[in-house]
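Chemist: Okay, handing you the structure first.
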Amino acid sequence: MNYGPLIFLTSFLALSASWFGFVLTPQIQIGRQPQGTNSINPAELYPQARPGLAAQGLQVYRANGCAACHSQQVGQTGTVIDVRLLEAGTNAAAVAAALVNANVGISTANAAGLLTGLPKTILSDVSIDVAKLALKALEAPGAKGEIKISPVGADIARGWGRRRTVATDYLFDQPVQLGSQRVGPDLANAGARLPDLNWHLLHLYSPQKMVPGSLMPPYRFLFQVRKIEQQAAADALRLPKEIAPPEGYEVVPKPEAVALAAYLVSLNANTPLFETPMTVAPATTNSPAK
Amino acid sequence: MNACCSTPTAAAAPDDINVSCRAPLFVLFGKAVGWLVAASVLGLVASLKFHSPNILANCACLTYGRVHAAAVNAQLYGFAVPAGLGVALWIIAQLGGIRVVQPGIIAFGAALWNIGVLIGVIGILAGDSTGFEKLEMPRYAAVILLLAFLLIGVATLFTLHDRRERRLTPPQWFLIAALFWFPWIFSTAYLLLTVCPVRGVMQPVIQWWFGGNFTFVWLSLTGLAAVFHFLPQFAGRTLHSSQLALFTFWTLILFGSWTGIPASAPLPAWMPALSGIATLLTLVTLISVGVNIFHTKQGGRVSSETSSAYRFVLFGLGMFQLAGLMRIASVLPPVSAVTNFTWFTVAQAQLNSFGFFSLVMLGAIYHIVPRVAGAEWPSAKSVRLHFWLAAVGILLVAVPLALGGVAQGFKLLDPAIAFQDVSKATLPFLRAATTGELLILFGNLLLAANLLGLVVRCFRAKLVPAFASVTAEMKFAEVKP
Amino acid sequence: MSQPTPPSTAPAAESPARGAAVPIWLIVVTVMLFYLGALYFDEHGGWFSEKVYGPYTSFQQVADLQISGAPNPLELGLRVYNKPTCVSCHQASGQGAAGQFPSLVGSEWVQEAEPGRIIRAVLNGLQGPITVKNQQFNNAMVPWGGVLSDDEIASVLTYVRQNPEWGNHASAVTAARVKAVREKIKSHPGAFTADELLKIPAAD
């Protein structure tokens, strides 16, 4: 019996099964996904398409293979749910009693202490059901509380993002540059962490000056060293003496450098979505760049 | 000749088969070896930048992102695919007892493929990269490659169709599947990424699907075909079990085609989960190959003539198992949390594409070329030396990168350690890996020199008598009236 | 030089492979791995839901974590601040840059009882010399009236005026107020100067 066609058929079935499972089904499921909505402010659509200069910057990013060293995905290993008491209201004793009765792990001895020094976290790392129970117990005697949902993980602890990245974050990028290596830091939220265009330009020109010990090669070919005409250009880089050009010359970023910097500044994936629930108080969000 | 023996074609003598393979294999293997050297050089240039970031930094076409992508594509498309196709053609012709059908078309296809790779690599260095891993060659190069592959593949299938020996053996099953697999995954990937691009995160999905199917399934199909053909032959034995080989075949194509999507992907949980489970199931593929070869080897004896090639193929098989185990380990959740985004994944990829596939192909090339060319390798010592350089080299690349990657992963998990310190700590491992790459480059240069010497010897062997006969004194014969 | 003898070209002795059976233990291992895989998928696969991303394991789990209720206005304002709009000059810390961009932290301009002046500054821009917290600045502030909506301006000003980290405790700004001011300054197309602003009562 000629097994040739049989082998061909088996191969065809195996490959079409994998094509069906990992090409067709994902395309149906997430390939035509619309913009998501900000789960805190439903009027706000997310993501917005990148402005033109940033979209051009993405092409510079692609052409120079930045994804060979930088990833753009934030991971998450868990979610921590806290309950915060904002105001105790007028009847502190009733609030304390309600908390104890709610059976959420607060004993009578602790309850009174929790009502001072507000706002304060009264329950930490509990399940959502317990948190909702506690909140309900608070509201009856007139206290005001809130549930805080914080994604946690190594990337988040490093300041690389406030939540994990999901499909919606990459909706309008062509090509999506997820990267698979972290020779350099993750860039999914580079714009949130380092919003200064100038910093990025200086970093591209001389990474070792901006980040001592960096392995990143300098991208001097994105800049032009030229003689200063009547006066220095407005966008000339202000460089420290060690790497400044000789007297009478200035370093001016080429359009590619400006576009790339604009792209990096536009990278921000911190909007709360349905798939990544979170509530984080504003006071802790603008932490200094790492 | 008995008239009732209506064989479609007469059995070709082995010499005839080898002669018919000459033109296609000359182009396929010749160009492949050239690209092997080029890929090693590009890879070395890329890794040098870690030791001195300012090297060649002013040249846009030599920036790390471009050179690294060019090196990977040169290795995979410049060497791996043509070498695989050449070995596939020879095995199919030999096993079928049939001369190659249309060797001219295959040679033309091989030359076209080479042009495609050249245009593609230059395109990457010029900044036209598509941005997708292992698919960086621009669209215009990919079209040429697809056309070339179809030419070679169809002609090879015609050779298979005309075979004298009708029974199909395990190597031939694997090769049939491989010839069919590549055009589908390659054309789908380029179609859905560059011609009618899918939207958003579907792009990485297609990229990962292609990556898993190419670097695992296609390379394993072609590489294992060579292993199943050559290892028993070198050991003077027959393959232990064709049923076990069938089991390997089925598990490879069924499970292997679902691998590729990493655990950290920004995708709904079911996709990385399914992919991880499929990767775990490929453990049985590894085991079945190991058992089959183990029983095959027992009691076999390797002749000195084939010992170098045998070493290449056996070592390559060992690297197949090691790379497979690393791949499986890296999808287990506790391990992937550490090894994600680290040099460990690079070590596994190198071990698979060079340690397994390239070494097996090199062993096959060292065996096939003398038979096809009709002349021995000029330097048998070079062949032996190449093995040691390649084997030590790949281990020197993969082991430090794997260890460095694990250390890097643990450090990345600790937010107290600044990122610069994590990067700095990987440098010693990268230095060791660069040394390994240097050894691999030397080995490849030895092969290139050897091949050049062989080609020169063959041409001289043909040219000298031809020249002599043309320039010989003509003897006048007396014409007796 | 005579042609070197070619290696032996004896036909490749490829008799078909022997027929040993697949060991039964290998089949058992395959089935076991399948089973383990199914268990893992049940636990971590989210059952093919497109809304379930790791570390969540079920749609219900994700749905339970959707906290409804009025959005935190400071959260909204922060996002407008970081769009990037204000953050590029006044920085994430609100401190600006010495000599170039005034600090918003504890700034008397920001914390005026009525926000009329800063609404005008945000809508039409600010140029010329200005004194903030006893420091002189002489720069140009970009007008945001054409870029941001009244809602957005209201929420970012509320954020700036009420950011507890900066120690600002002023009243919130409503979108209606921004809209009213926008109408009033229609006749003043260009940027304001500090002197002009000081002449307009903040309650306007």
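Please note that chains go A, B, ... in the order of the structure tokens, that every chain numbers its residues from 1, and that ligands are numbered from 1 in the order shown.
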If we count only C-alpha atoms, what is near Glu256 in chain A at a cut-off of 8 Å, once residues fewer than 2 positions away on the same chain are taken out, given as a list in words?
Modeler: Gln56, Gly57, Val60, Leu222, Pro253, Lys254, Val258, Ala259 and Leu260 of chain A
Chemist: Would you save the residues of that selection, restricted to C-alpha atoms, as an mmCIF file, in the first residue's frame?
Modeler:
data_model
loop_
_atom_site.group_PDB
_atom_site.id
_atom_site.type_symbol
_atom_site.label_atom_id
_atom_site.label_comp_id
_atom_site.auth_asym_id
_atom_site.auth_seq_id
_atom_site.Cartn_x
_atom_site.Cartn_y
_atom_site.Cartn_z
ATOM 1 C CA GLN A 56 6.621 56.848 13.065
ATOM 2 C CA GLY A 57 8.753 56.224 16.113
ATOM 3 C CA VAL A 60 12.224 53.397 13.902
ATOM 4 C CA LEU A 222 20.195 59.023 14.874
ATOM 5 C CA PRO A 253 18.491 64.967 16.757
ATOM 6 C CA LYS A 254 17.378 63.707 13.365
ATOM 7 C CA VAL A 258 12.586 62.651 17.754
ATOM 8 C CA ALA A 259 10.026 60.152 16.492
ATOM 9 C CA LEU A 260 11.575 57.330 18.513
#
Chemist: Please build the interface table for chain A against chain B with a cut-off of 7 Å, listing for each qualifying residue the nearest atom pair and the distance in Å to one decimal; count only C-alpha atoms, order rows by chain and increasing number, and write it as a tab-separated table.
Modeler:
residue	atom	partner	partner_atom	distance
A:Tyr3	CA	B:Leu168	CA	6.8
A:Ile7	CA	B:Trp173	CA	6.4
A:Phe8	CA	B:Ala177	CA	6.4
A:Ser11	CA	B:Ala177	CA	5.7
A:Ala14	CA	B:Leu254	CA	5.3
A:Leu15	CA	B:Ser257	CA	6.6
A:Ser18	CA	B:Trp258	CA	5.7
A:Phe22	CA	B:Trp209	CA	6.9
A:Val23	CA	B:Ile206	CA	6.5
A:Gln27	CA	B:Met202	CA	6.6
A:Gly31	CA	B:Arg199	CA	5.8
A:Arg62	CA	B:Gly131	CA	5.1
A:Ala63	CA	B:Gly127	CA	4.4
A:Asn64	CA	B:Gly65	CA	5.4
A:Gly65	CA	B:Gly65	CA	3.8
A:Cys66	CA	B:Gly65	CA	5.7
A:Ala68	CA	B:Gly65	CA	5.5
A:Gln73	CA	B:Pro266	CA	6.9
A:Gly75	CA	B:Ser264	CA	6.6
A:Ala154	CA	B:Leu413	CA	5.2
A:Ala157	CA	B:Pro415	CA	5.9
A:Arg158	CA	B:Pro415	CA	5.0
A:Thr165	CA	B:Pro266	CA	5.7
A:Val166	CA	B:Pro266	CA	4.6
A:Ala167	CA	B:Val201	CA	5.5
A:Tyr170	CA	B:Gly200	CA	5.0
A:Leu171	CA	B:Gly200	CA	4.1
A:Phe172	CA	B:Gly200	CA	5.8
A:Asp173	CA	B:Gly200	CA	6.0
A:Pro175	CA	B:Gly131	CA	6.5
A:Val176	CA	B:Gly200	CA	6.5
A:Gln177	CA	B:Gly131	CA	6.8
A:Ser180	CA	B:Phe341	CA	5.3
A:Gln181	CA	B:Phe341	CA	4.2
A:Arg182	CA	B:Phe341	CA	5.3
A:Val183	CA	B:Ser423	CA	6.6
A:Gly213	CA	B:Gln420	CA	6.1
A:Ser214	CA	B:Gln420	CA	6.2
A:Leu215	CA	B:Phe50	CA	6.3
A:Met216	CA	B:Pro53	CA	6.4
A:Pro217	CA	B:Pro53	CA	4.5
A:Pro218	CA	B:Ala57	CA	6.2
A:Tyr219	CA	B:Ala57	CA	6.7
A:Arg220	CA	B:Asn58	CA	5.8
A:Phe221	CA	B:Asn58	CA	5.4
Chemist: Please identify every residue of chain B that has at least one atom no more than 6 Å from any atom of chain C, counting only C-alpha atoms, and report them as a ChimeraX atom specification.
Modeler: /B:14,238-244,268-270,273,277,374-375
Chemist: Using N, CA and C atoms, can you export the residues from the last selection as an mmCIF file, in the first residue's frame?
Modeler:
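File result29.cif, as written:
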data_model
loop_
_atom_site.group_PDB
_atom_site.id
_atom_site.type_symbol
_atom_site.label_atom_id
_atom_site.label_comp_id
_atom_site.auth_asym_id
_atom_site.auth_seq_id
_atom_site.Cartn_x
_atom_site.Cartn_y
_atom_site.Cartn_z
ATOM 1 N N PRO B 14 23.754 3.169 -7.418
ATOM 2 C CA PRO B 14 24.058 4.241 -6.457
ATOM 3 C C PRO B 14 24.913 5.341 -7.080
ATOM 4 N N THR B 238 20.174 -1.899 11.766
ATOM 5 C CA THR B 238 18.928 -1.337 11.250
ATOM 6 C C THR B 238 18.183 -0.672 12.403
ATOM 7 N N LEU B 239 17.308 0.234 12.052
ATOM 8 C CA LEU B 239 16.559 0.960 13.082
ATOM 9 C C LEU B 239 15.747 -0.018 13.924
ATOM 10 N N HIS B 240 15.802 0.204 15.214
ATOM 11 C CA HIS B 240 15.235 -0.764 16.152
ATOM 12 C C HIS B 240 13.746 -1.012 15.925
ATOM 13 N N SER B 241 12.978 0.056 15.783
ATOM 14 C CA SER B 241 11.533 -0.157 15.700
ATOM 15 C C SER B 241 10.881 0.889 14.820
ATOM 16 N N SER B 242 10.208 0.432 13.767
ATOM 17 C CA SER B 242 9.526 1.410 12.925
ATOM 18 C C SER B 242 8.239 1.873 13.587
ATOM 19 N N GLN B 243 7.667 1.037 14.449
ATOM 20 C CA GLN B 243 6.466 1.474 15.157
ATOM 21 C C GLN B 243 6.789 2.622 16.101
ATOM 22 N N LEU B 244 7.937 2.508 16.752
ATOM 23 C CA LEU B 244 8.349 3.577 17.658
ATOM 24 C C LEU B 244 8.628 4.848 16.857
ATOM 25 N N PRO B 268 -5.161 35.807 26.442
ATOM 26 C CA PRO B 268 -6.059 35.091 27.355
ATOM 27 C C PRO B 268 -5.423 33.781 27.804
ATOM 28 N N ALA B 269 -5.686 33.411 29.051
ATOM 29 C CA ALA B 269 -4.932 32.335 29.702
ATOM 30 C C ALA B 269 -4.957 31.015 28.960
ATOM 31 N N TRP B 270 -5.982 30.767 28.146
ATOM 32 C CA TRP B 270 -6.062 29.442 27.544
ATOM 33 C C TRP B 270 -4.959 29.198 26.523
ATOM 34 N N ALA B 273 -1.687 28.256 28.204
ATOM 35 C CA ALA B 273 -1.917 26.989 28.895
ATOM 36 C C ALA B 273 -1.884 25.829 27.910
ATOM 37 N N ILE B 277 0.919 22.794 27.743
ATOM 38 C CA ILE B 277 0.570 21.381 27.852
ATOM 39 C C ILE B 277 1.120 20.621 26.643
ATOM 40 N N GLY B 374 32.437 12.228 -5.670
ATOM 41 C CA GLY B 374 33.350 11.207 -6.168
ATOM 42 C C GLY B 374 34.782 11.466 -5.738
ATOM 43 N N ALA B 375 34.989 12.214 -4.682
ATOM 44 C CA ALA B 375 36.344 12.489 -4.200
ATOM 45 C C ALA B 375 36.295 12.643 -2.693
#
Chemist: What's around Ile118 in chain C at 12 Å? Count only C-alpha atoms, leave out sequence neighbours fewer than 2 positions away in its own chain, and write the answer as an MDAnalysis selection string.
Modeler: chainID C and resid 104 107:116 120:126 141 143:144 153:154 156:158 160:161 173 177:178 181:182 192:194 197:198 200:204
Chemist: Next, the residues of the selection above should be written as a compact mmCIF listing (two decimals), in the first residue's frame with N, CA and C atoms.
Modeler:
# COMPACT_ATOMS: atom_id res chain seq x y z
N LEU C 104 4.31 73.12 41.19
CA LEU C 104 2.90 73.18 41.55
C LEU C 104 2.69 72.81 43.02
N SER C 107 1.98 75.58 45.63
CA SER C 107 2.03 76.85 44.89
C SER C 107 0.84 77.72 45.25
N GLU C 108 1.09 79.01 45.44
CA GLU C 108 -0.02 79.90 45.84
C GLU C 108 -0.96 80.14 44.66
N TRP C 109 -0.46 80.07 43.44
CA TRP C 109 -1.31 80.22 42.27
C TRP C 109 -2.32 79.08 42.18
N VAL C 110 -1.82 77.86 42.49
CA VAL C 110 -2.67 76.67 42.37
C VAL C 110 -3.72 76.65 43.45
N GLN C 111 -3.32 77.10 44.64
CA GLN C 111 -4.20 76.89 45.79
C GLN C 111 -5.08 78.09 46.10
N GLU C 112 -5.25 78.98 45.14
CA GLU C 112 -6.15 80.11 45.39
C GLU C 112 -7.54 79.58 45.71
N ALA C 113 -8.24 80.32 46.50
CA ALA C 113 -9.55 79.85 46.92
C ALA C 113 -10.45 79.60 45.72
N GLU C 114 -10.34 80.50 44.71
CA GLU C 114 -11.14 80.29 43.51
C GLU C 114 -10.18 80.00 42.35
N PRO C 115 -10.55 79.10 41.45
CA PRO C 115 -9.61 78.68 40.41
C PRO C 115 -9.64 79.50 39.13
N GLY C 116 -10.33 80.64 39.11
CA GLY C 116 -10.50 81.39 37.87
C GLY C 116 -9.20 81.66 37.14
N ARG C 120 -7.84 80.06 33.37
CA ARG C 120 -7.46 80.88 32.23
C ARG C 120 -6.07 80.51 31.73
N ALA C 121 -5.16 80.28 32.68
CA ALA C 121 -3.79 79.92 32.28
C ALA C 121 -3.78 78.61 31.50
N VAL C 122 -4.55 77.66 31.94
CA VAL C 122 -4.57 76.37 31.26
C VAL C 122 -5.25 76.49 29.90
N LEU C 123 -6.32 77.27 29.83
CA LEU C 123 -7.07 77.35 28.57
C LEU C 123 -6.25 78.05 27.49
N ASN C 124 -5.69 79.20 27.84
CA ASN C 124 -5.06 80.01 26.80
C ASN C 124 -3.54 80.05 26.87
N GLY C 125 -2.97 79.47 27.86
CA GLY C 125 -1.53 79.53 27.99
C GLY C 125 -1.10 80.74 28.79
N LEU C 126 0.18 80.75 29.13
CA LEU C 126 0.72 81.80 29.99
C LEU C 126 2.07 82.20 29.44
N MET C 141 3.87 79.01 28.66
CA MET C 141 3.12 77.78 28.92
C MET C 141 2.18 77.54 27.76
N PRO C 143 -0.94 76.57 25.57
CA PRO C 143 -2.39 76.59 25.84
C PRO C 143 -2.99 75.20 25.63
N TRP C 144 -3.88 74.81 26.53
CA TRP C 144 -4.49 73.48 26.43
C TRP C 144 -5.97 73.54 26.08
N ILE C 153 -9.99 69.28 31.74
CA ILE C 153 -9.33 70.39 32.43
C ILE C 153 -9.82 70.44 33.88
N ALA C 154 -11.12 70.22 34.06
CA ALA C 154 -11.65 70.25 35.43
C ALA C 154 -11.00 69.17 36.28
N VAL C 156 -8.08 67.58 35.83
CA VAL C 156 -6.65 67.72 36.09
C VAL C 156 -6.40 68.86 37.08
N LEU C 157 -7.22 69.92 36.99
CA LEU C 157 -7.03 70.99 37.96
C LEU C 157 -7.44 70.55 39.35
N THR C 158 -8.50 69.73 39.43
CA THR C 158 -8.88 69.18 40.74
C THR C 158 -7.75 68.36 41.31
N VAL C 160 -4.54 68.62 40.67
CA VAL C 160 -3.42 69.47 41.06
C VAL C 160 -3.75 70.21 42.36
N ARG C 161 -5.00 70.66 42.48
CA ARG C 161 -5.37 71.45 43.65
C ARG C 161 -5.58 70.58 44.88
N VAL C 173 -12.55 71.66 41.05
CA VAL C 173 -12.94 72.50 39.91
C VAL C 173 -13.97 71.70 39.12
N ARG C 177 -17.65 75.19 35.51
CA ARG C 177 -16.86 76.37 35.78
C ARG C 177 -15.89 76.63 34.64
N VAL C 178 -15.24 75.54 34.18
CA VAL C 178 -14.29 75.67 33.08
C VAL C 178 -15.00 76.17 31.84
N VAL C 181 -15.73 79.89 32.09
CA VAL C 181 -14.53 80.72 31.87
C VAL C 181 -14.16 80.73 30.40
N ARG C 182 -14.31 79.58 29.75
CA ARG C 182 -13.99 79.49 28.32
C ARG C 182 -14.81 80.48 27.53
N PHE C 192 -2.21 84.57 28.30
CA PHE C 192 -2.30 85.59 29.34
C PHE C 192 -0.91 85.88 29.87
N THR C 193 -0.75 87.06 30.45
CA THR C 193 0.46 87.31 31.21
C THR C 193 0.08 87.34 32.68
N ALA C 194 1.09 87.21 33.53
CA ALA C 194 0.81 87.15 34.96
C ALA C 194 0.12 88.43 35.42
N LEU C 197 -3.50 88.36 34.63
CA LEU C 197 -4.26 87.44 35.48
C LEU C 197 -4.50 88.08 36.84
N LEU C 198 -3.47 88.77 37.35
CA LEU C 198 -3.61 89.32 38.69
C LEU C 198 -4.68 90.40 38.71
N ILE C 200 -7.48 90.20 37.06
CA ILE C 200 -8.82 89.57 37.05
C ILE C 200 -9.04 88.92 38.40
N PRO C 201 -10.22 89.17 39.02
CA PRO C 201 -10.47 88.51 40.30
C PRO C 201 -10.55 87.00 40.10
N ALA C 202 -9.98 86.24 41.00
CA ALA C 202 -9.93 84.78 40.88
C ALA C 202 -11.32 84.17 40.85
N ALA C 203 -12.28 84.88 41.43
CA ALA C 203 -13.62 84.31 41.50
C ALA C 203 -14.36 84.42 40.17
N ASP C 204 -13.76 85.07 39.19
CA ASP C 204 -14.42 85.30 37.92
C ASP C 204 -14.53 84.00 37.11
Chemist: Starting from chain C, keep only residues with some atom at most 7 Å from an atom of chain A, counting only C-alpha atoms, and report them as a CSV table (one decimal) with N, CA and C atoms, in the first residue's frame.
Modeler:
chain,number,residue,atom,x,y,z
C,50,GLU,N,-12.1,34.9,26.7
C,50,GLU,CA,-11.1,35.9,26.2
C,50,GLU,C,-10.9,37.0,27.2
C,51,LYS,N,-11.6,37.0,28.4
C,51,LYS,CA,-11.4,38.0,29.3
C,51,LYS,C,-10.6,37.6,30.5
C,52,VAL,N,-10.2,36.3,30.5
C,52,VAL,CA,-9.5,35.7,31.7
C,52,VAL,C,-8.0,35.7,31.3
C,53,TYR,N,-7.2,36.5,32.0
C,53,TYR,CA,-5.7,36.5,31.9
C,53,TYR,C,-5.1,36.0,33.2
C,55,PRO,N,-3.0,36.1,36.5
C,55,PRO,CA,-3.2,35.0,37.4
C,55,PRO,C,-4.6,34.6,37.6
C,62,VAL,N,-12.7,37.4,37.8
C,62,VAL,CA,-12.5,38.7,37.2
C,62,VAL,C,-13.7,39.6,37.4
C,65,LEU,N,-14.1,41.2,40.8
C,65,LEU,CA,-13.2,42.2,41.2
C,65,LEU,C,-13.5,43.6,40.6
C,66,GLN,N,-14.6,43.6,39.8
C,66,GLN,CA,-15.0,44.9,39.2
C,66,GLN,C,-15.7,45.7,40.3
C,71,PRO,N,-16.0,57.1,40.2
C,71,PRO,CA,-14.6,57.0,40.0
C,71,PRO,C,-13.9,58.0,40.9
C,74,LEU,N,-9.5,62.1,41.6
C,74,LEU,CA,-8.0,62.4,41.5
C,74,LEU,C,-7.4,61.4,40.5
C,75,GLU,N,-7.9,60.2,40.5
C,75,GLU,CA,-7.4,59.2,39.5
C,75,GLU,C,-7.6,59.7,38.1
C,78,LEU,N,-5.2,62.5,37.4
C,78,LEU,CA,-3.8,62.1,37.2
C,78,LEU,C,-3.6,61.6,35.8
C,88,SER,N,5.0,66.8,31.2
C,88,SER,CA,6.3,67.0,30.5
C,88,SER,C,7.1,68.2,31.1
C,92,ALA,N,6.5,64.6,37.1
C,92,ALA,CA,5.6,63.8,37.8
C,92,ALA,C,5.5,64.2,39.3
C,93,SER,N,6.6,64.8,39.8
C,93,SER,CA,6.6,65.2,41.2
C,93,SER,C,5.9,66.5,41.3
C,164,PRO,N,-2.8,65.1,47.7
C,164,PRO,CA,-2.3,65.1,49.1
C,164,PRO,C,-0.8,65.0,49.2
C,165,GLU,N,-0.2,64.4,48.3
C,165,GLU,CA,1.2,64.2,48.3
C,165,GLU,C,1.9,65.5,48.2
Chemist: Mind checking DSSP for range 139-234 of chain A and telling me the strand (DSSP E or B) residues as a CSV table (one decimal) with all heavy atoms, in the first residue's frame?
Modeler:
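Writing the result to part.csv gives the following:
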chain,number,residue,atom,x,y,z
A,144,LYS,N,-17.1,55.7,56.2
A,144,LYS,CA,-16.8,55.6,54.7
A,144,LYS,C,-15.5,54.8,54.5
A,144,LYS,O,-14.5,55.1,55.1
A,144,LYS,CB,-16.6,57.1,54.2
A,144,LYS,CG,-17.1,57.3,52.8
A,144,LYS,CD,-17.3,58.7,52.5
A,144,LYS,CE,-16.0,59.3,51.8
A,144,LYS,NZ,-16.2,60.5,51.1
A,145,GLY,N,-15.6,53.9,53.6
A,145,GLY,CA,-14.4,53.0,53.4
A,145,GLY,C,-14.3,52.8,51.9
A,145,GLY,O,-15.2,53.1,51.1
A,146,GLU,N,-13.2,52.2,51.5
A,146,GLU,CA,-13.0,51.8,50.1
A,146,GLU,C,-12.3,50.5,50.0
A,146,GLU,O,-11.5,50.2,50.9
A,146,GLU,CB,-12.3,52.9,49.3
A,146,GLU,CG,-10.9,53.1,49.8
A,146,GLU,CD,-10.1,54.1,48.9
A,146,GLU,OE1,-10.8,54.7,48.0
A,146,GLU,OE2,-8.9,54.3,49.1
A,147,ILE,N,-12.5,49.8,48.9
A,147,ILE,CA,-11.7,48.6,48.7
A,147,ILE,C,-10.6,48.9,47.7
A,147,ILE,O,-10.8,49.6,46.7
A,147,ILE,CB,-12.6,47.5,48.0
A,147,ILE,CG1,-13.7,47.1,49.0
A,147,ILE,CG2,-11.8,46.3,47.6
A,147,ILE,CD1,-14.6,46.0,48.4
A,148,LYS,N,-9.4,48.5,48.1
A,148,LYS,CA,-8.2,48.8,47.2
A,148,LYS,C,-7.8,47.4,46.6
A,148,LYS,O,-7.5,46.5,47.3
A,148,LYS,CB,-7.1,49.3,48.1
A,148,LYS,CG,-6.3,50.4,47.3
A,148,LYS,CD,-5.3,51.1,48.3
A,148,LYS,CE,-4.1,50.2,48.4
A,148,LYS,NZ,-2.9,51.0,48.7
A,149,ILE,N,-7.7,47.4,45.2
A,149,ILE,CA,-7.3,46.2,44.5
A,149,ILE,C,-6.0,46.6,43.8
A,149,ILE,O,-5.9,47.4,43.0
A,149,ILE,CB,-8.3,45.8,43.5
A,149,ILE,CG1,-9.6,45.5,44.2
A,149,ILE,CG2,-7.8,44.6,42.7
A,149,ILE,CD1,-10.8,45.2,43.2
A,150,SER,N,-4.9,45.9,44.2
A,150,SER,CA,-3.6,46.2,43.7
A,150,SER,C,-3.0,44.9,43.1
A,150,SER,O,-2.8,43.9,43.8
A,150,SER,CB,-2.6,46.6,44.8
A,150,SER,OG,-3.3,47.5,45.6
A,151,PRO,N,-2.7,45.0,41.8
A,151,PRO,CA,-1.9,43.9,41.2
A,151,PRO,C,-0.5,43.8,41.7
A,151,PRO,O,0.1,44.9,42.0
A,151,PRO,CB,-1.9,44.2,39.7
A,151,PRO,CG,-2.9,45.3,39.5
A,151,PRO,CD,-3.1,46.0,40.8
A,152,VAL,N,0.0,42.6,41.9
A,152,VAL,CA,1.4,42.5,42.4
A,152,VAL,C,2.1,41.5,41.6
A,152,VAL,O,1.5,40.6,40.9
A,152,VAL,CB,1.4,42.0,43.9
A,152,VAL,CG1,0.8,43.0,44.8
A,152,VAL,CG2,0.6,40.7,44.0
A,223,PHE,N,21.6,61.0,15.3
A,223,PHE,CA,21.8,62.4,15.5
A,223,PHE,C,22.8,62.9,14.5
A,223,PHE,O,23.5,62.2,13.8
A,223,PHE,CB,22.4,62.6,16.9
A,223,PHE,CG,21.4,62.1,18.0
A,223,PHE,CD1,21.4,60.8,18.4
A,223,PHE,CD2,20.6,63.0,18.7
A,223,PHE,CE1,20.5,60.3,19.4
A,223,PHE,CE2,19.7,62.6,19.6
A,223,PHE,CZ,19.7,61.2,20.0
A,224,GLN,N,22.8,64.3,14.5
A,224,GLN,CA,23.7,64.9,13.5
A,224,GLN,C,24.6,65.9,14.2
A,224,GLN,O,24.0,66.8,15.0
A,224,GLN,CB,22.8,65.6,12.5
A,224,GLN,CG,23.5,66.0,11.2
A,224,GLN,CD,22.6,66.8,10.4
A,224,GLN,OE1,21.5,67.2,10.7
A,224,GLN,NE2,23.1,67.1,9.2
A,225,VAL,N,25.9,65.8,14.0
A,225,VAL,CA,26.8,66.8,14.6
A,225,VAL,C,27.1,67.8,13.5
A,225,VAL,O,27.6,67.5,12.5
A,225,VAL,CB,28.1,66.2,15.1
A,225,VAL,CG1,29.0,67.2,15.7
A,225,VAL,CG2,27.8,65.1,16.1
A,226,ARG,N,26.7,69.1,13.8
A,226,ARG,CA,26.9,70.0,12.7
A,226,ARG,C,27.4,71.4,13.3
A,226,ARG,O,27.3,71.6,14.5
A,226,ARG,CB,25.6,70.3,11.9
A,226,ARG,CG,24.5,70.9,12.8
A,226,ARG,CD,23.3,71.1,12.0
A,226,ARG,NE,22.4,71.9,12.8
A,226,ARG,CZ,21.1,71.8,12.6
A,226,ARG,NH1,20.6,71.1,11.6
A,226,ARG,NH2,20.3,72.6,13.3
A,227,LYS,N,28.0,72.2,12.4
A,227,LYS,CA,28.5,73.5,12.8
A,227,LYS,C,27.4,74.4,13.3
A,227,LYS,O,26.3,74.4,12.7
A,227,LYS,CB,29.2,74.1,11.7
A,227,LYS,CG,30.4,74.9,12.1
A,227,LYS,CD,31.3,75.1,10.9
A,227,LYS,CE,32.3,76.1,11.5
A,227,LYS,NZ,33.5,76.2,11.0
Chemist: Would you please extract all helix (DSSP H, G or I) residues from range 12-162 of chain A, as assigned by DSSP on the backbone, and give them as an NGL selection string?
Modeler: :A and (12-31 or 52-63 or 66-68 or 92-101 or 108-113 or 128-139 or 154-157)
Chemist: Compare B:Thr215, B:Ser40, B:Gln348, B:Gln207 by their minimum atom-to-atom distance to Gln321 in chain B, counting only C-alpha atoms, and give me the closest one.
Modeler: B:Gln348
Chemist: Quick check, in Å to one decimal: how far apart do CA of Glu376 in chain B and CA of Leu454 in chain B lie?
Modeler: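 For CA of Glu376 in chain B relative to CA of Leu454 in chain B, the distance reads 7.3 Å.
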Chemist: For Trp166 in chain C, find every residue with an atom within 8 Å (counting only C-alpha atoms), except residues of its own chain fewer than 3 positions away, and show them as a ChimeraX atom specification.
Modeler: /C:94,104-106,163
